[in-house]
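The structure under discussion appears below in the form of C-alpha cells.
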Amino acid sequence: MNLPSSMLFILFFYVSMVLIVALIAPFPSGVDELQHLSVVRAQFEHPTLFPDWSHQLILQRDDITKWSHDANYINHPSLYYLMLAPIYAFTSNPIIFRFVNILLSTAALLIVLIAASRRFTREILPPQLFAILAISFPKAAIVGGMVNNDNLAALAAAALFGGLLGLPGAGWWILAGLAIAGWTKLTAFIGLAVVAASWLGFAFLSGQIRLTDRRLWLAGVGMVIGASHYMFTFLRIGQLLWVNEDVWRIPVAERLHLDMIGFAAWFFKGYVLKWPVLEMGYPFQLALMTMVVPLLLAAVSLRYRDARPWAAAYIVGWILLLAIHFAFGWRSYVTLGDLTTMQTRYYNILWPGIALAAAMAVAQISRRWRWAVLVTEIICLLPTVLGGALYVAIFGG
C-alpha cells in the first residue's frame, strides 16, 4: 500500500469516527436507515434485480424482525441490497449491517488516498492536507456508520477517481465506478457519468488520448451497464425512477406556496444550512463559509496545469448535478408539494475530486501565505463530526 504515515494516521482517525458513530448512534437513524434495511430484508426474502417497489413495506421500528403496514419509499437499484441480504441468513442485528457499511466507506477512502499518493508528488499534493480534505465531506463519517447505499456510491466514486488518476488497469476502474454507481443510485450515476465524460472529453480534445484509448471504450461500457437499470425501469413504468407519491404528496391546503424564485431561495438556503453535519445548527454565514471555501479553492486550481483536468471535470459534475437536483426538486414541489428533496449528502460522490483540486490550489497558495494550509484544514473540518462536536461543546446545541 505504501501510504505516507500522515495519510495512514488520518485514515485511522476517520475509521475511529465512523466506528464511534456506528456504535453510539441510536438505530434507526434519520438518514433512511430503517427504510434501507427494510429493502435488504425484502431482498433476502425475495431476491430480484428489478423489485416492485410499490409493494415494499418498512420493518417495525420497535421490532425489526417484523413487518409494519407502512409503505417504503426507497426506489434505488438492487445492487446494494442484494450485497447485504445474505447477512440476514446469520443475523438481523443492525450493528452488523453498519459494520459492513464501515468497510465500504473505509475502502472508498483508502482507494482515494492510494490513487492520489501514487499520482502526485508531495510538492504538488501534500499528503496530510489532501487526506484531511478527503475526510472532510460533512456527512461522510455519519453516513459511513449507517446502513445507507450512499456508502456503496462512495465506493463507486472512489473507483472512478482511481481510474481517472491512473491506477493500474485504469479503464477497468472507470468501468467499475460507472457500473456500480448506476446500479446503486441515480444521483451517483449522473454525477459520476458527467465527471467521466468531462475528463475524457477534455483529454481527447487536448490530444492526451485517442479514440482507440481503452479508457474511452471501457467508460462507454460502464455507462451502458450503469444506465441499463433506468432504461429497463423506463420501459416498465414510463419513468426512470418509481416515486411513492402517497408518501410524498402534501395536501394542497397544507402546502407552502412558492413561485420558482421563492423555491430557489428556499432550495439554496437549505443547501447551505444542510451542508454541516449539524443540519440547521450552524449560523448561515458559518455554514456558507464551510461550503464555499473548498469549492472556491477547487475553482482557483483551474489556474494550475497539474490540477486542471480533475478540477474541471468535477466542477462540471457538481454544477450539472446541482442543476438536475434543483429541477427535480422543483418538479416534486409543483406536482406533490414535497419540500424534502434538498439533501447535500448526494454530493459525496464528487468530493474526492473537489478535495484533490482544493488541496492542490492550497499547496500553491501556501508558497506565498504559509498559514493557508492550516486555515483551510480548520475551515474544512468545521462542518464535520469533529467540528460539530467542538461546536456543541463550545456553544451548546
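If you're wondering about the labels, chains in the C-alpha cells are A, B, ... by order shown, residues count from 1 in each chain, ligands from 1 in order shown.
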
Could you give me, as number ranges by chain, the residues within 7 Å of Arg249 of chain A, counting only C-alpha atoms and dropping anything in the same chain fewer than 3 positions from it? A: 245-246, 336-338

Export C-alpha atoms of the chosen residues as a PDB file, in the first residue's frame?
ATOM      1  CA  GLU A 245     -46.489   9.690  -4.366  1.00  0.00           C
ATOM      2  CA  ASP A 246     -48.680   8.623  -1.446  1.00  0.00           C
ATOM      3  CA  LEU A 336     -46.633  16.856  -4.945  1.00  0.00           C
ATOM      4  CA  GLY A 337     -45.961  19.861  -2.739  1.00  0.00           C
ATOM      5  CA  ASP A 338     -42.885  17.982  -1.496  1.00  0.00           C
TER       6      ASP A 338
END

DSSP says helix (DSSP H, G or I) for which residues of segment 188-258 of chain A? Put them as a PyMOL selection string? chain A and resi 188-205+214-237+245-248+252-254

Find, counting only C-alpha atoms, the residue in A:Leu200, A:Ile87, A:Ala355, A:Ile114 that gets nearest to Phe44 of chain A. A:Ile87

Counting only C-alpha atoms, which residues of segment 238-301 of chain A fall within 9 Å of segment 66-75 of chain A, and what is the closest atom pair for each with its distance in Å at one decimal, ordered by chain and rising number, as a Markdown table?
| residue | atom | partner | partner_atom | distance |
| --- | --- | --- | --- | --- |
| A:Leu241 | CA | A:Asn75 | CA | 6.5 |
| A:Trp242 | CA | A:Asn75 | CA | 5.9 |
| A:Val243 | CA | A:Asn75 | CA | 6.9 |
| A:Asn244 | CA | A:Tyr73 | CA | 5.5 |
| A:Glu245 | CA | A:Tyr73 | CA | 8.7 |
| A:Asp246 | CA | A:Ala71 | CA | 8.8 |
| A:Val247 | CA | A:Tyr73 | CA | 7.0 |
| A:Trp248 | CA | A:Tyr73 | CA | 8.6 |

Using only C-alpha atoms, determine which residues lie at most 6 Å from segment 274-278 of chain A, disregarding the query and same-chain residues fewer than 3 positions distant; provide the list as a list in words.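 The residues satisfying every condition are Pro138, Lys139, Gly270, Tyr271, Gly281, Thr344, Pro383 and Thr384 of chain A.
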
Could you save the residues just selected, with all heavy atoms, as a PDB file, in the first residue's frame?
ATOM      1  N   PRO A 138     -18.902  16.734   4.944  1.00  0.00           N
ATOM      2  CA  PRO A 138     -19.563  16.801   6.254  1.00  0.00           C
ATOM      3  C   PRO A 138     -20.313  15.550   6.675  1.00  0.00           C
ATOM      4  O   PRO A 138     -20.269  15.150   7.834  1.00  0.00           O
ATOM      5  CB  PRO A 138     -20.519  17.991   6.086  1.00  0.00           C
ATOM      6  CG  PRO A 138     -19.856  18.864   5.082  1.00  0.00           C
ATOM      7  CD  PRO A 138     -19.193  17.924   4.129  1.00  0.00           C
ATOM      8  N   LYS A 139     -21.015  14.884   5.739  1.00  0.00           N
ATOM      9  CA  LYS A 139     -21.860  13.752   6.119  1.00  0.00           C
ATOM     10  C   LYS A 139     -21.141  12.407   5.994  1.00  0.00           C
ATOM     11  O   LYS A 139     -21.732  11.365   6.301  1.00  0.00           O
ATOM     12  CB  LYS A 139     -23.118  13.725   5.230  1.00  0.00           C
ATOM     13  CG  LYS A 139     -23.904  15.032   5.216  1.00  0.00           C
ATOM     14  CD  LYS A 139     -24.519  15.333   6.562  1.00  0.00           C
ATOM     15  CE  LYS A 139     -25.118  16.720   6.631  1.00  0.00           C
ATOM     16  NZ  LYS A 139     -25.969  17.098   5.528  1.00  0.00           N
ATOM     17  N   GLY A 270     -31.528  26.093   2.060  1.00  0.00           N
ATOM     18  CA  GLY A 270     -31.448  24.757   2.638  1.00  0.00           C
ATOM     19  C   GLY A 270     -30.147  24.066   2.289  1.00  0.00           C
ATOM     20  O   GLY A 270     -29.574  23.335   3.099  1.00  0.00           O
ATOM     21  N   TYR A 271     -29.662  24.301   1.073  1.00  0.00           N
ATOM     22  CA  TYR A 271     -28.399  23.703   0.633  1.00  0.00           C
ATOM     23  C   TYR A 271     -27.261  24.129   1.557  1.00  0.00           C
ATOM     24  O   TYR A 271     -26.405  23.318   1.928  1.00  0.00           O
ATOM     25  CB  TYR A 271     -28.112  24.149  -0.800  1.00  0.00           C
ATOM     26  CG  TYR A 271     -27.045  23.348  -1.508  1.00  0.00           C
ATOM     27  CD1 TYR A 271     -27.383  22.211  -2.224  1.00  0.00           C
ATOM     28  CD2 TYR A 271     -25.711  23.730  -1.480  1.00  0.00           C
ATOM     29  CE1 TYR A 271     -26.419  21.467  -2.884  1.00  0.00           C
ATOM     30  CE2 TYR A 271     -24.735  23.004  -2.134  1.00  0.00           C
ATOM     31  CZ  TYR A 271     -25.089  21.867  -2.834  1.00  0.00           C
ATOM     32  OH  TYR A 271     -24.133  21.123  -3.475  1.00  0.00           O
ATOM     33  N   GLY A 281     -27.925  23.701  12.262  1.00  0.00           N
ATOM     34  CA  GLY A 281     -27.384  24.007  13.582  1.00  0.00           C
ATOM     35  C   GLY A 281     -26.314  25.083  13.590  1.00  0.00           C
ATOM     36  O   GLY A 281     -25.954  25.595  14.656  1.00  0.00           O
ATOM     37  N   THR A 344     -27.801  17.381   0.916  1.00  0.00           N
ATOM     38  CA  THR A 344     -26.439  17.654   0.453  1.00  0.00           C
ATOM     39  C   THR A 344     -25.555  16.405   0.441  1.00  0.00           C
ATOM     40  O   THR A 344     -24.505  16.405  -0.210  1.00  0.00           O
ATOM     41  CB  THR A 344     -25.777  18.723   1.339  1.00  0.00           C
ATOM     42  OG1 THR A 344     -25.837  18.299   2.713  1.00  0.00           O
ATOM     43  CG2 THR A 344     -26.495  20.051   1.199  1.00  0.00           C
ATOM     44  N   PRO A 383     -17.433  21.696   9.431  1.00  0.00           N
ATOM     45  CA  PRO A 383     -18.771  21.104   9.266  1.00  0.00           C
ATOM     46  C   PRO A 383     -18.827  19.602   9.474  1.00  0.00           C
ATOM     47  O   PRO A 383     -19.883  19.004   9.279  1.00  0.00           O
ATOM     48  CB  PRO A 383     -19.105  21.466   7.813  1.00  0.00           C
ATOM     49  CG  PRO A 383     -17.791  21.454   7.119  1.00  0.00           C
ATOM     50  CD  PRO A 383     -16.796  21.974   8.127  1.00  0.00           C
ATOM     51  N   THR A 384     -17.718  18.963   9.862  1.00  0.00           N
ATOM     52  CA  THR A 384     -17.673  17.519  10.012  1.00  0.00           C
ATOM     53  C   THR A 384     -18.102  17.091  11.414  1.00  0.00           C
ATOM     54  O   THR A 384     -18.435  17.922  12.266  1.00  0.00           O
ATOM     55  CB  THR A 384     -16.263  16.989   9.728  1.00  0.00           C
ATOM     56  OG1 THR A 384     -15.373  17.476  10.758  1.00  0.00           O
ATOM     57  CG2 THR A 384     -15.762  17.448   8.364  1.00  0.00           C
TER      58      THR A 384
END

Can you tell me, as a PyMOL selection string, what residues are no more than 12 Å from Asn101 of chain A when counting only C-alpha atoms, ignoring any on the same chain fewer than 3 positions away? chain A and resi 15+18-19+21-22+33+36-37+80-81+83-84+94-98+104-108+140-155

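Residue nearest Trp351 of chain A within the list A:Phe130, A:Tyr230, A:Trp330, A:Phe50: A:Phe130 [criterion: smallest interatomic distance, only C-alpha atoms].
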
Skip Val334 of chain A itself and residues of its chain fewer than 6 positions away, then list as a CSV table (one decimal) with C-alpha atoms, in the first residue's frame all residues within 10 Å of it, counting only C-alpha atoms.
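Just written: part36.csv:
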chain,number,residue,atom,x,y,z
A,257,HIS,CA,-47.0,28.2,-1.7
A,258,LEU,CA,-43.9,29.3,-3.6
A,259,ASP,CA,-43.1,30.6,-7.1
A,260,MET,CA,-39.9,29.5,-8.8
A,263,PHE,CA,-38.5,27.9,-4.3
A,328,PHE,CA,-36.2,17.5,-9.8

Closest atom pairs, segment 284-366 of chain A residues within 6 Å of segment 175-195 of chain A, only C-alpha atoms, as CSV:
residue,atom,partner,partner_atom,distance
A:Ala313,CA,A:Val195,CA,4.9
A:Tyr314,CA,A:Val195,CA,5.5
A:Gly317,CA,A:Val195,CA,5.1
A:Leu321,CA,A:Gly191,CA,5.6

Return the single residue from A:Thr121, A:Tyr333, A:Gln35, A:Ser6 that is closest to Gly262 of chain A, with distances computed using only C-alpha atoms.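 When distances to Gly262 of chain A are compared using only C-alpha atoms, the smallest one comes from A:Tyr333.
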
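Of the listed residues A:Leu302, A:Val112, A:Leu164, A:Ala287, the one whose atoms come nearest to Leu133 of chain A is A:Val112, with distances taken using only C-alpha atoms.
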
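Going from atom CA of Met7 of chain A to atom CA of Val31 of chain A covers 28.6 Å.
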
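Separating atom CA of Ala134 of chain A from atom CA of Asp213 of chain A is a distance of 29.3 Å.
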
Under the rule that only C-alpha atoms are counted, which of A:Val272, A:Leu165, A:Leu160, A:Ala358 is the nearest residue to Ala372 of chain A? A:Ala358
